[in-house]
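So this block is my_file.txt, compact mmCIF, N, CA and C atoms:
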```
# COMPACT_ATOMS: atom_id res chain seq x y z
N MET A 798 -37.90 -12.65 13.10
CA MET A 798 -36.47 -12.90 13.29
C MET A 798 -36.32 -14.04 14.29
N ARG A 799 -35.47 -14.98 13.96
CA ARG A 799 -35.31 -16.15 14.82
C ARG A 799 -34.12 -16.03 15.78
N TYR A 800 -33.33 -14.98 15.68
CA TYR A 800 -32.15 -14.83 16.53
C TYR A 800 -32.47 -14.03 17.79
N LYS A 801 -31.65 -14.25 18.83
CA LYS A 801 -31.76 -13.46 20.05
C LYS A 801 -30.34 -13.17 20.55
N ILE A 802 -30.20 -12.23 21.45
CA ILE A 802 -28.89 -11.88 22.02
C ILE A 802 -28.31 -13.13 22.68
N GLY A 803 -27.03 -13.37 22.40
CA GLY A 803 -26.34 -14.54 22.93
C GLY A 803 -26.25 -15.70 21.95
N ASP A 804 -27.06 -15.67 20.88
CA ASP A 804 -26.99 -16.74 19.87
C ASP A 804 -25.67 -16.68 19.12
N ILE A 805 -25.19 -17.86 18.71
CA ILE A 805 -24.02 -17.97 17.84
C ILE A 805 -24.55 -18.09 16.42
N VAL A 806 -24.16 -17.15 15.55
CA VAL A 806 -24.68 -17.09 14.19
C VAL A 806 -23.54 -17.01 13.18
N LEU A 807 -23.88 -17.23 11.92
CA LEU A 807 -22.89 -17.18 10.85
C LEU A 807 -22.82 -15.79 10.23
N TYR A 808 -21.62 -15.43 9.78
CA TYR A 808 -21.42 -14.21 9.00
C TYR A 808 -20.25 -14.45 8.06
N ARG A 809 -20.15 -13.64 7.01
CA ARG A 809 -19.04 -13.75 6.07
C ARG A 809 -18.11 -12.57 6.31
N ASN A 810 -16.82 -12.87 6.58
CA ASN A 810 -15.88 -11.78 6.85
C ASN A 810 -15.44 -11.10 5.56
N THR A 811 -14.60 -10.10 5.66
CA THR A 811 -14.21 -9.30 4.49
C THR A 811 -13.41 -10.12 3.48
N ARG A 812 -12.85 -11.26 3.90
CA ARG A 812 -12.12 -12.13 2.97
C ARG A 812 -13.02 -13.19 2.34
N GLY A 813 -14.30 -13.16 2.71
CA GLY A 813 -15.25 -14.11 2.14
C GLY A 813 -15.38 -15.41 2.89
N ASN A 814 -14.67 -15.54 4.02
CA ASN A 814 -14.77 -16.77 4.81
C ASN A 814 -15.98 -16.71 5.72
N ILE A 815 -16.65 -17.85 5.87
CA ILE A 815 -17.79 -17.90 6.77
C ILE A 815 -17.29 -18.18 8.18
N LYS A 816 -17.69 -17.32 9.10
CA LYS A 816 -17.26 -17.39 10.49
C LYS A 816 -18.49 -17.40 11.39
N ARG A 817 -18.25 -17.50 12.70
CA ARG A 817 -19.34 -17.46 13.67
C ARG A 817 -19.11 -16.32 14.64
N ALA A 818 -20.22 -15.72 15.08
CA ALA A 818 -20.16 -14.63 16.05
C ALA A 818 -21.29 -14.79 17.06
N GLU A 819 -21.04 -14.29 18.27
CA GLU A 819 -22.08 -14.26 19.29
C GLU A 819 -22.75 -12.89 19.23
N ILE A 820 -24.07 -12.89 19.12
CA ILE A 820 -24.82 -11.63 19.01
C ILE A 820 -24.82 -10.91 20.36
N THR A 821 -24.50 -9.60 20.31
CA THR A 821 -24.51 -8.77 21.53
C THR A 821 -25.64 -7.74 21.51
N SER A 822 -26.11 -7.34 20.30
CA SER A 822 -27.23 -6.39 20.20
C SER A 822 -27.74 -6.37 18.76
N PHE A 823 -28.89 -5.70 18.58
CA PHE A 823 -29.51 -5.55 17.27
C PHE A 823 -29.77 -4.07 17.00
N LYS A 824 -29.84 -3.72 15.70
CA LYS A 824 -30.21 -2.37 15.33
C LYS A 824 -30.94 -2.42 13.99
N ILE A 825 -32.01 -1.65 13.87
CA ILE A 825 -32.72 -1.53 12.59
C ILE A 825 -32.07 -0.37 11.84
N VAL A 826 -31.62 -0.63 10.62
CA VAL A 826 -30.92 0.37 9.82
C VAL A 826 -31.91 1.12 8.93
N GLU A 827 -31.44 2.12 8.18
CA GLU A 827 -32.28 3.01 7.38
C GLU A 827 -33.26 2.30 6.45
N ASN A 828 -32.84 1.21 5.82
CA ASN A 828 -33.72 0.53 4.87
C ASN A 828 -34.71 -0.41 5.55
N GLY A 829 -34.71 -0.44 6.87
CA GLY A 829 -35.64 -1.28 7.62
C GLY A 829 -35.12 -2.66 7.97
N ASN A 830 -33.95 -3.02 7.44
CA ASN A 830 -33.37 -4.31 7.78
C ASN A 830 -32.76 -4.28 9.18
N THR A 831 -32.71 -5.44 9.80
CA THR A 831 -32.10 -5.56 11.12
C THR A 831 -30.68 -6.09 10.97
N TRP A 832 -29.75 -5.45 11.63
CA TRP A 832 -28.35 -5.88 11.67
C TRP A 832 -28.03 -6.26 13.11
N PHE A 833 -27.01 -7.09 13.28
CA PHE A 833 -26.57 -7.42 14.64
C PHE A 833 -25.14 -6.98 14.87
N ASN A 834 -24.86 -6.61 16.11
CA ASN A 834 -23.49 -6.45 16.59
C ASN A 834 -23.14 -7.75 17.26
N GLY A 835 -21.90 -8.17 17.12
CA GLY A 835 -21.48 -9.41 17.75
C GLY A 835 -19.98 -9.46 17.94
N ILE A 836 -19.54 -10.56 18.52
CA ILE A 836 -18.12 -10.81 18.76
C ILE A 836 -17.77 -12.14 18.10
N ASP A 837 -16.76 -12.14 17.21
CA ASP A 837 -16.32 -13.37 16.57
C ASP A 837 -15.92 -14.39 17.65
N THR A 838 -16.37 -15.63 17.49
CA THR A 838 -16.14 -16.64 18.53
C THR A 838 -14.69 -17.06 18.63
N VAL A 839 -13.88 -16.85 17.59
CA VAL A 839 -12.47 -17.25 17.62
C VAL A 839 -11.56 -16.05 17.82
N SER A 840 -11.67 -15.06 16.93
CA SER A 840 -10.74 -13.92 16.96
C SER A 840 -11.14 -12.85 17.96
N LYS A 841 -12.38 -12.89 18.43
CA LYS A 841 -12.95 -11.89 19.35
C LYS A 841 -13.10 -10.52 18.71
N ALA A 842 -13.03 -10.46 17.37
CA ALA A 842 -13.23 -9.20 16.64
C ALA A 842 -14.70 -8.79 16.73
N LYS A 843 -14.94 -7.46 16.68
CA LYS A 843 -16.31 -6.96 16.66
C LYS A 843 -16.89 -7.18 15.26
N VAL A 844 -18.16 -7.55 15.23
CA VAL A 844 -18.84 -7.87 13.98
C VAL A 844 -20.10 -7.02 13.87
N TRP A 845 -20.39 -6.55 12.66
CA TRP A 845 -21.61 -5.79 12.35
C TRP A 845 -22.13 -6.40 11.06
N TYR A 846 -23.32 -7.05 11.10
CA TYR A 846 -23.74 -7.86 9.96
C TYR A 846 -25.26 -7.91 9.84
N PRO A 847 -25.80 -7.98 8.59
CA PRO A 847 -27.25 -8.06 8.40
C PRO A 847 -27.81 -9.42 8.82
N VAL A 848 -28.87 -9.40 9.61
CA VAL A 848 -29.48 -10.63 10.10
C VAL A 848 -29.99 -11.48 8.94
N HIS A 849 -30.65 -10.88 7.95
CA HIS A 849 -31.24 -11.67 6.87
C HIS A 849 -30.19 -12.40 6.05
N ILE A 850 -29.01 -11.86 5.92
CA ILE A 850 -27.93 -12.56 5.20
C ILE A 850 -27.38 -13.67 6.07
N SER A 851 -27.21 -13.42 7.35
CA SER A 851 -26.74 -14.45 8.26
C SER A 851 -27.67 -15.66 8.24
N GLU A 852 -28.98 -15.41 8.25
CA GLU A 852 -29.97 -16.49 8.25
C GLU A 852 -29.88 -17.34 6.99
N LYS A 853 -29.47 -16.74 5.88
CA LYS A 853 -29.44 -17.46 4.61
C LYS A 853 -28.11 -18.13 4.31
N LEU A 854 -27.05 -17.83 5.04
CA LEU A 854 -25.73 -18.38 4.71
C LEU A 854 -25.75 -19.91 4.65
N VAL A 855 -26.22 -20.56 5.67
CA VAL A 855 -26.23 -22.02 5.67
C VAL A 855 -27.29 -22.54 4.72
N GLU A 856 -28.46 -21.93 4.73
CA GLU A 856 -29.57 -22.41 3.92
C GLU A 856 -29.23 -22.44 2.44
N HIS A 857 -28.48 -21.44 1.96
CA HIS A 857 -28.20 -21.37 0.54
C HIS A 857 -26.84 -21.93 0.17
N GLN A 858 -25.93 -22.01 1.10
CA GLN A 858 -24.62 -22.53 0.76
C GLN A 858 -24.62 -24.04 0.74
N PHE A 859 -25.28 -24.66 1.69
CA PHE A 859 -25.28 -26.11 1.79
C PHE A 859 -26.70 -26.62 1.95
N LYS A 860 -26.97 -27.78 1.33
CA LYS A 860 -28.28 -28.40 1.43
C LYS A 860 -28.10 -29.88 1.79
N ILE A 861 -29.13 -30.48 2.33
CA ILE A 861 -29.11 -31.91 2.59
C ILE A 861 -28.86 -32.63 1.27
N GLY A 862 -27.95 -33.57 1.30
CA GLY A 862 -27.59 -34.33 0.10
C GLY A 862 -26.35 -33.82 -0.61
N ASP A 863 -25.89 -32.59 -0.27
CA ASP A 863 -24.67 -32.05 -0.88
C ASP A 863 -23.46 -32.88 -0.45
N HIS A 864 -22.55 -33.08 -1.41
CA HIS A 864 -21.26 -33.70 -1.10
C HIS A 864 -20.28 -32.57 -0.79
N ILE A 865 -19.49 -32.75 0.26
CA ILE A 865 -18.55 -31.70 0.65
C ILE A 865 -17.13 -32.24 0.75
N ASP A 866 -16.17 -31.33 0.54
CA ASP A 866 -14.77 -31.59 0.81
C ASP A 866 -14.47 -31.01 2.18
N TYR A 867 -13.47 -31.56 2.85
CA TYR A 867 -13.10 -31.11 4.19
C TYR A 867 -11.62 -30.79 4.22
N LEU A 868 -11.29 -29.65 4.82
CA LEU A 868 -9.90 -29.21 4.91
C LEU A 868 -9.24 -29.80 6.15
N ILE A 869 -8.16 -30.56 5.93
CA ILE A 869 -7.34 -31.07 7.04
C ILE A 869 -5.97 -30.45 6.84
N GLY A 870 -5.60 -29.55 7.77
CA GLY A 870 -4.37 -28.78 7.60
C GLY A 870 -4.53 -27.89 6.38
N LYS A 871 -3.68 -28.09 5.37
CA LYS A 871 -3.78 -27.31 4.13
C LYS A 871 -4.25 -28.17 2.96
N GLU A 872 -4.66 -29.40 3.23
CA GLU A 872 -5.05 -30.33 2.17
C GLU A 872 -6.54 -30.66 2.20
N TRP A 873 -7.19 -30.51 1.05
CA TRP A 873 -8.61 -30.83 0.94
C TRP A 873 -8.80 -32.31 0.74
N GLN A 874 -9.70 -32.91 1.52
CA GLN A 874 -10.11 -34.29 1.35
C GLN A 874 -11.29 -34.26 0.39
N HIS A 875 -11.13 -34.79 -0.81
CA HIS A 875 -12.13 -34.66 -1.86
C HIS A 875 -13.30 -35.62 -1.69
N ASP A 876 -14.51 -35.11 -1.95
CA ASP A 876 -15.76 -35.85 -1.82
C ASP A 876 -15.77 -36.57 -0.47
N TYR A 877 -15.48 -35.82 0.57
CA TYR A 877 -15.26 -36.38 1.90
C TYR A 877 -16.54 -36.86 2.58
N ALA A 878 -17.65 -36.14 2.41
CA ALA A 878 -18.84 -36.46 3.19
C ALA A 878 -20.10 -35.97 2.48
N THR A 879 -21.25 -36.46 2.94
CA THR A 879 -22.55 -36.06 2.42
C THR A 879 -23.39 -35.50 3.57
N ILE A 880 -23.94 -34.30 3.37
CA ILE A 880 -24.75 -33.65 4.41
C ILE A 880 -26.09 -34.36 4.53
N TYR A 881 -26.47 -34.69 5.77
CA TYR A 881 -27.77 -35.32 5.99
C TYR A 881 -28.65 -34.52 6.96
N GLY A 882 -28.13 -33.43 7.51
CA GLY A 882 -28.94 -32.61 8.42
C GLY A 882 -28.15 -31.42 8.90
N PHE A 883 -28.79 -30.63 9.80
CA PHE A 883 -28.16 -29.45 10.38
C PHE A 883 -28.37 -29.47 11.88
N ASP A 884 -27.34 -29.11 12.64
CA ASP A 884 -27.41 -29.07 14.09
C ASP A 884 -28.50 -28.10 14.54
N LYS A 885 -29.35 -28.53 15.47
CA LYS A 885 -30.49 -27.70 15.87
C LYS A 885 -30.08 -26.45 16.64
N ASN A 886 -28.89 -26.44 17.25
CA ASN A 886 -28.44 -25.27 18.00
C ASN A 886 -27.58 -24.33 17.16
N SER A 887 -26.63 -24.88 16.42
CA SER A 887 -25.69 -24.03 15.67
C SER A 887 -26.04 -23.88 14.20
N ASN A 888 -26.95 -24.72 13.68
CA ASN A 888 -27.32 -24.75 12.26
C ASN A 888 -26.16 -25.16 11.37
N LEU A 889 -25.09 -25.74 11.96
CA LEU A 889 -23.97 -26.22 11.16
C LEU A 889 -24.33 -27.55 10.52
N PRO A 890 -23.78 -27.84 9.32
CA PRO A 890 -24.11 -29.08 8.65
C PRO A 890 -23.57 -30.31 9.39
N ILE A 891 -24.37 -31.36 9.38
CA ILE A 891 -23.96 -32.66 9.91
C ILE A 891 -23.86 -33.58 8.71
N ALA A 892 -22.72 -34.23 8.56
CA ALA A 892 -22.49 -35.07 7.38
C ALA A 892 -21.88 -36.40 7.77
N GLU A 893 -22.13 -37.40 6.94
CA GLU A 893 -21.55 -38.72 7.11
C GLU A 893 -20.43 -38.88 6.09
N THR A 894 -19.32 -39.47 6.52
CA THR A 894 -18.20 -39.66 5.59
C THR A 894 -18.61 -40.57 4.45
N ASN A 895 -18.08 -40.31 3.28
CA ASN A 895 -18.37 -41.12 2.10
C ASN A 895 -17.49 -42.36 2.03
N ARG A 896 -16.39 -42.35 2.75
CA ARG A 896 -15.48 -43.49 2.74
C ARG A 896 -15.40 -44.07 4.14
N PRO A 897 -15.43 -45.39 4.26
CA PRO A 897 -15.31 -46.00 5.59
C PRO A 897 -13.96 -45.70 6.23
N ALA A 898 -13.96 -45.59 7.54
CA ALA A 898 -12.72 -45.39 8.30
C ALA A 898 -11.97 -46.72 8.42
N HIS A 899 -10.87 -46.71 9.13
CA HIS A 899 -10.05 -47.93 9.29
C HIS A 899 -10.84 -49.07 9.94
N ASP A 900 -11.88 -48.74 10.70
CA ASP A 900 -12.68 -49.78 11.35
C ASP A 900 -13.86 -50.23 10.49
N GLY A 901 -13.95 -49.72 9.26
CA GLY A 901 -15.01 -50.13 8.35
C GLY A 901 -16.30 -49.33 8.51
N CYS A 902 -16.35 -48.43 9.48
CA CYS A 902 -17.57 -47.64 9.73
C CYS A 902 -17.48 -46.30 9.03
N LYS A 903 -18.64 -45.77 8.68
CA LYS A 903 -18.71 -44.39 8.21
C LYS A 903 -19.01 -43.54 9.43
N TRP A 904 -18.34 -42.41 9.54
CA TRP A 904 -18.47 -41.54 10.71
C TRP A 904 -19.31 -40.32 10.37
N SER A 905 -19.96 -39.78 11.38
CA SER A 905 -20.80 -38.60 11.23
C SER A 905 -20.16 -37.46 12.03
N TYR A 906 -20.11 -36.26 11.43
CA TYR A 906 -19.49 -35.10 12.06
C TYR A 906 -20.35 -33.86 11.86
N THR A 907 -20.25 -32.92 12.80
CA THR A 907 -20.76 -31.58 12.60
C THR A 907 -19.57 -30.76 12.12
N PHE A 908 -19.71 -30.09 10.97
CA PHE A 908 -18.57 -29.46 10.32
C PHE A 908 -18.50 -27.97 10.54
N ASP A 909 -17.28 -27.48 10.80
CA ASP A 909 -16.97 -26.06 10.89
C ASP A 909 -17.03 -25.50 9.46
N LEU A 910 -17.85 -24.47 9.22
CA LEU A 910 -18.05 -23.95 7.87
C LEU A 910 -16.79 -23.39 7.23
N SER A 911 -15.82 -22.98 8.04
CA SER A 911 -14.60 -22.43 7.45
C SER A 911 -13.69 -23.54 6.91
N LYS A 912 -14.03 -24.82 7.17
CA LYS A 912 -13.19 -25.92 6.73
C LYS A 912 -13.88 -26.86 5.75
N ILE A 913 -15.02 -26.45 5.20
CA ILE A 913 -15.69 -27.29 4.20
C ILE A 913 -16.04 -26.47 2.98
N ARG A 914 -16.24 -27.17 1.88
CA ARG A 914 -16.71 -26.56 0.64
C ARG A 914 -17.48 -27.62 -0.13
N LEU A 915 -18.31 -27.17 -1.05
CA LEU A 915 -19.00 -28.13 -1.91
C LEU A 915 -17.95 -28.86 -2.75
N THR A 916 -18.17 -30.13 -2.99
CA THR A 916 -17.23 -30.92 -3.77
C THR A 916 -17.05 -30.29 -5.15
N GLN A 917 -15.81 -30.13 -5.55
CA GLN A 917 -15.48 -29.58 -6.86
C GLN A 917 -15.27 -30.73 -7.84
N HIS A 918 -16.15 -30.82 -8.82
CA HIS A 918 -15.99 -31.88 -9.83
C HIS A 918 -14.99 -31.41 -10.86
N ARG A 919 -14.13 -32.31 -11.28
CA ARG A 919 -13.09 -31.94 -12.26
C ARG A 919 -13.54 -32.16 -13.67
```

Could the structure of this file be written out as structure tokens, please?
Amino acid sequence: MRYKIGDIVLYRNTRGNIKRAEITSFKIVENGNTWFNGIDTVSKAKVWYPVHISEKLVEHQFKIGDHIDYLIGKEWQHDYATIYGFDKNSNLPIAETNRPAHDGCKWSYTFDLSKIRLTQHR
């Protein structure tokens, strides 16, 4: 297991949104899997979640080279960026914008998972 108490990790809430929580403790459940107790970093809600699923959320949802849309307010920016890596501390995707900004440069951002999705082709 790569997590420790105090780490900020990903989990999927009951509505299916990917959120982050700070781990407060671990417990091995009946089937031998390890779950963590934590506190949501935004809502401060208590979280109880399987470690093995948390570890796979980023790995399976997003990959290097994926094109993503980004939510600004209530509007999705389509084919907004391309993932080129993951933050070494938070494991959040780091992506470069696909379109130059007003200054002609492409910008790089670490993205909040609740505000991105894989580009939807029409």

Select, counting all atoms listed in the file, all protein, DNA and RNA residues no farther than 6 Å from (-28.5, -12.6, 19.7) in file coordinates, and express the selection as an mmCIF file with N, CA and C atoms, keeping the file's coordinate frame.
```
data_model
loop_
_atom_site.group_PDB
_atom_site.id
_atom_site.type_symbol
_atom_site.label_atom_id
_atom_site.label_comp_id
_atom_site.auth_asym_id
_atom_site.auth_seq_id
_atom_site.Cartn_x
_atom_site.Cartn_y
_atom_site.Cartn_z
ATOM 1 N N TYR A 800 -33.330 -14.980 15.680
ATOM 2 C CA TYR A 800 -32.150 -14.830 16.530
ATOM 3 C C TYR A 800 -32.470 -14.030 17.790
ATOM 4 N N LYS A 801 -31.650 -14.250 18.830
ATOM 5 C CA LYS A 801 -31.760 -13.460 20.050
ATOM 6 C C LYS A 801 -30.340 -13.170 20.550
ATOM 7 N N ILE A 802 -30.200 -12.230 21.450
ATOM 8 C CA ILE A 802 -28.890 -11.880 22.020
ATOM 9 C C ILE A 802 -28.310 -13.130 22.680
ATOM 10 N N GLY A 803 -27.030 -13.370 22.400
ATOM 11 C CA GLY A 803 -26.340 -14.540 22.930
ATOM 12 C C GLY A 803 -26.250 -15.700 21.950
ATOM 13 N N ASP A 804 -27.060 -15.670 20.880
ATOM 14 C CA ASP A 804 -26.990 -16.740 19.870
ATOM 15 C C ASP A 804 -25.670 -16.680 19.120
ATOM 16 N N GLU A 819 -21.040 -14.290 18.270
ATOM 17 C CA GLU A 819 -22.080 -14.260 19.290
ATOM 18 C C GLU A 819 -22.750 -12.890 19.230
ATOM 19 N N ILE A 820 -24.070 -12.890 19.120
ATOM 20 C CA ILE A 820 -24.820 -11.630 19.010
ATOM 21 C C ILE A 820 -24.820 -10.910 20.360
ATOM 22 N N THR A 821 -24.500 -9.600 20.310
ATOM 23 C CA THR A 821 -24.510 -8.770 21.530
ATOM 24 C C THR A 821 -25.640 -7.740 21.510
ATOM 25 N N SER A 822 -26.110 -7.340 20.300
ATOM 26 C CA SER A 822 -27.230 -6.390 20.200
ATOM 27 C C SER A 822 -27.740 -6.370 18.760
#
```

**OP:** Just give me the gap between atom CA of A:Asp866 and atom C of A:Gly813 in Å, one decimal is fine.
**Re:**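 Spanning atom CA of A:Asp866 to atom C of A:Gly813 is a straight-line distance of 16.3 Å.
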
Original post:
So what do you get for atom CA of A:Ala842 versus atom CA of A:Trp873, distance-wise?
Top reply: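 Atom CA of A:Trp873 lies 27.1 Å from atom CA of A:Ala842.
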
Test item, alpha helix (DSSP H) assignment across chain A, answer as a short mmCIF file (atom, residue, chain, number, x, y, z; two decimals) with N, CA and C atoms, keeping the file's coordinate frame:
```cif
data_model
loop_
_atom_site.label_atom_id
_atom_site.label_comp_id
_atom_site.auth_asym_id
_atom_site.auth_seq_id
_atom_site.Cartn_x
_atom_site.Cartn_y
_atom_site.Cartn_z
N VAL A 848 -28.87 -9.40 9.61
CA VAL A 848 -29.48 -10.63 10.10
C VAL A 848 -29.99 -11.48 8.94
N HIS A 849 -30.65 -10.88 7.95
CA HIS A 849 -31.24 -11.67 6.87
C HIS A 849 -30.19 -12.40 6.05
N ILE A 850 -29.01 -11.86 5.92
CA ILE A 850 -27.93 -12.56 5.20
C ILE A 850 -27.38 -13.67 6.07
N SER A 851 -27.21 -13.42 7.35
CA SER A 851 -26.74 -14.45 8.26
C SER A 851 -27.67 -15.66 8.24
N GLU A 852 -28.98 -15.41 8.25
CA GLU A 852 -29.97 -16.49 8.25
C GLU A 852 -29.88 -17.34 6.99
N LYS A 853 -29.47 -16.74 5.88
CA LYS A 853 -29.44 -17.46 4.61
C LYS A 853 -28.11 -18.13 4.31
N LEU A 854 -27.05 -17.83 5.04
CA LEU A 854 -25.73 -18.38 4.71
C LEU A 854 -25.75 -19.91 4.65
N VAL A 855 -26.22 -20.56 5.67
CA VAL A 855 -26.23 -22.02 5.67
C VAL A 855 -27.29 -22.54 4.72
N GLU A 856 -28.46 -21.93 4.73
CA GLU A 856 -29.57 -22.41 3.92
C GLU A 856 -29.23 -22.44 2.44
N HIS A 857 -28.48 -21.44 1.96
CA HIS A 857 -28.20 -21.37 0.54
C HIS A 857 -26.84 -21.93 0.17
N GLN A 858 -25.93 -22.01 1.10
CA GLN A 858 -24.62 -22.53 0.76
C GLN A 858 -24.62 -24.04 0.74
#
```

**OP:** Identify the residues around (-19.2, -8.6, 14.9) within a radius of 7 Å, measuring from all atoms listed in the file in the coordinates stated by the file, and give them as a PyMOL selection string.
**Re:** chain A and resi 818-819+833-837+842-846

Find the residues around A:Ile815 up to 6 Å (all atoms listed in the file counted), leave out those fewer than 5 positions away in its own chain, and share them as a short mmCIF file (atom, residue, chain, number, x, y, z; two decimals) with N, CA and C atoms, keeping the file's coordinate frame.
```cif
data_model
loop_
_atom_site.label_atom_id
_atom_site.label_comp_id
_atom_site.auth_asym_id
_atom_site.auth_seq_id
_atom_site.Cartn_x
_atom_site.Cartn_y
_atom_site.Cartn_z
N TYR A 808 -21.62 -15.43 9.78
CA TYR A 808 -21.42 -14.21 9.00
C TYR A 808 -20.25 -14.45 8.06
N ARG A 809 -20.15 -13.64 7.01
CA ARG A 809 -19.04 -13.75 6.07
C ARG A 809 -18.11 -12.57 6.31
N ASN A 810 -16.82 -12.87 6.58
CA ASN A 810 -15.88 -11.78 6.85
C ASN A 810 -15.44 -11.10 5.56
N LEU A 910 -17.85 -24.47 9.22
CA LEU A 910 -18.05 -23.95 7.87
C LEU A 910 -16.79 -23.39 7.23
N SER A 911 -15.82 -22.98 8.04
CA SER A 911 -14.60 -22.43 7.45
C SER A 911 -13.69 -23.54 6.91
#
```

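Close contacts of A:Leu915, defined as residues with an atom at most 8 Å away when counting all atoms listed in the file, with chain neighbours fewer than 4 positions off set aside, comprise Gln858, Phe859, Asp863, His864, Ile865, Asp866, Tyr867 and Asp876 of chain A.
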
**OP:** Determine the nearest neighbour of A:Thr894 from the options A:Lys912, A:Lys816, A:Leu868, A:Tyr906, counting all atoms listed in the file.
**Re:** A:Tyr906

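Distance-wise, atom CA of A:Thr879 and atom CA of A:Ala892 end up 5.1 Å apart.
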
Original post:
Can you list every residue in chain A that DSSP puts in strand (DSSP E), as a ChimeraX atom specification?
Top reply: /A:805-809,815-825,831-837,843-847,864-869,872-883,890-894,905-907,913-915

**OP:** Just the residues within 7 Å of A:Val848, please, counting only C-alpha atoms, with nothing from its chain fewer than 3 positions along; format it as an NGL selection string.
**Re:** :A and (831-833 or 851-852)

Based on the selection just made, write N, CA and C atoms of those residues as a PDB file, in the coordinates of the input.
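Wrote it out as again-v1.pdb, contents follow:
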```pdb
ATOM      1  N   THR A 831     -32.710  -5.440   9.800  1.00  0.00           N
ATOM      2  CA  THR A 831     -32.100  -5.560  11.120  1.00  0.00           C
ATOM      3  C   THR A 831     -30.680  -6.090  10.970  1.00  0.00           C
ATOM      4  N   TRP A 832     -29.750  -5.450  11.630  1.00  0.00           N
ATOM      5  CA  TRP A 832     -28.350  -5.880  11.670  1.00  0.00           C
ATOM      6  C   TRP A 832     -28.030  -6.260  13.110  1.00  0.00           C
ATOM      7  N   PHE A 833     -27.010  -7.090  13.280  1.00  0.00           N
ATOM      8  CA  PHE A 833     -26.570  -7.420  14.640  1.00  0.00           C
ATOM      9  C   PHE A 833     -25.140  -6.980  14.870  1.00  0.00           C
ATOM     10  N   SER A 851     -27.210 -13.420   7.350  1.00  0.00           N
ATOM     11  CA  SER A 851     -26.740 -14.450   8.260  1.00  0.00           C
ATOM     12  C   SER A 851     -27.670 -15.660   8.240  1.00  0.00           C
ATOM     13  N   GLU A 852     -28.980 -15.410   8.250  1.00  0.00           N
ATOM     14  CA  GLU A 852     -29.970 -16.490   8.250  1.00  0.00           C
ATOM     15  C   GLU A 852     -29.880 -17.340   6.990  1.00  0.00           C
TER      16      GLU A 852
END
```

Using the file's own x, y and z axes, what box holds all listed atoms of stretch 825-844 of chain A with 8 Å on each side, keeping edges along x, y and z, and what are its centre and edge lengths in Å to one decimal, as lines of an AutoDock Vina configuration file?
```
center_x = -23.2
center_y = -7.1
center_z = 12.1
size_x = 40.9
size_y = 36.3
size_z = 30.5
```

**OP:** Give the answer as one residue: which of A:Val839, A:Ala898, A:Ile880, A:Val806 has the shortest atom-to-atom distance to A:Lys860, using all atoms listed in the file?
**Re:** A:Ile880

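Excluding A:Ser905 itself and any same-chain residue fewer than 6 positions from it, the protein and nucleic acid residues within 12 Å of it, counting only C-alpha atoms, are Tyr877, Ala878, Thr879, Ile880, Tyr881, Gly882, Phe883, Asp884, Pro890, Ile891, Ala892, Glu893, Thr894, Asn895, Arg896, Pro897 and Ala898 of chain A.
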
Could you rebuild stretch 882-891 of chain A with N, CA, C and O atoms and give it back as a CSV table (one decimal), in the frame of the given file?
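Just written: out_32.csv:
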```csv
chain,number,residue,atom,x,y,z
A,882,GLY,N,-28.1,-33.4,7.5
A,882,GLY,CA,-28.9,-32.6,8.4
A,882,GLY,C,-28.2,-31.4,8.9
A,882,GLY,O,-27.0,-31.2,8.5
A,883,PHE,N,-28.8,-30.6,9.8
A,883,PHE,CA,-28.2,-29.4,10.4
A,883,PHE,C,-28.4,-29.5,11.9
A,883,PHE,O,-29.5,-29.8,12.4
A,884,ASP,N,-27.3,-29.1,12.6
A,884,ASP,CA,-27.4,-29.1,14.1
A,884,ASP,C,-28.5,-28.1,14.5
A,884,ASP,O,-28.6,-27.0,14.0
A,885,LYS,N,-29.4,-28.5,15.5
A,885,LYS,CA,-30.5,-27.7,15.9
A,885,LYS,C,-30.1,-26.4,16.6
A,885,LYS,O,-30.8,-25.5,16.7
A,886,ASN,N,-28.9,-26.4,17.2
A,886,ASN,CA,-28.4,-25.3,18.0
A,886,ASN,C,-27.6,-24.3,17.2
A,886,ASN,O,-27.8,-23.1,17.2
A,887,SER,N,-26.6,-24.9,16.4
A,887,SER,CA,-25.7,-24.0,15.7
A,887,SER,C,-26.0,-23.9,14.2
A,887,SER,O,-25.5,-23.0,13.5
A,888,ASN,N,-27.0,-24.7,13.7
A,888,ASN,CA,-27.3,-24.8,12.3
A,888,ASN,C,-26.2,-25.2,11.4
A,888,ASN,O,-26.2,-25.0,10.2
A,889,LEU,N,-25.1,-25.7,12.0
A,889,LEU,CA,-24.0,-26.2,11.2
A,889,LEU,C,-24.3,-27.6,10.5
A,889,LEU,O,-25.1,-28.3,11.1
A,890,PRO,N,-23.8,-27.8,9.3
A,890,PRO,CA,-24.1,-29.1,8.6
A,890,PRO,C,-23.6,-30.3,9.4
A,890,PRO,O,-22.5,-30.3,9.9
A,891,ILE,N,-24.4,-31.4,9.4
A,891,ILE,CA,-24.0,-32.7,9.9
A,891,ILE,C,-23.9,-33.6,8.7
A,891,ILE,O,-24.8,-33.7,7.9
```
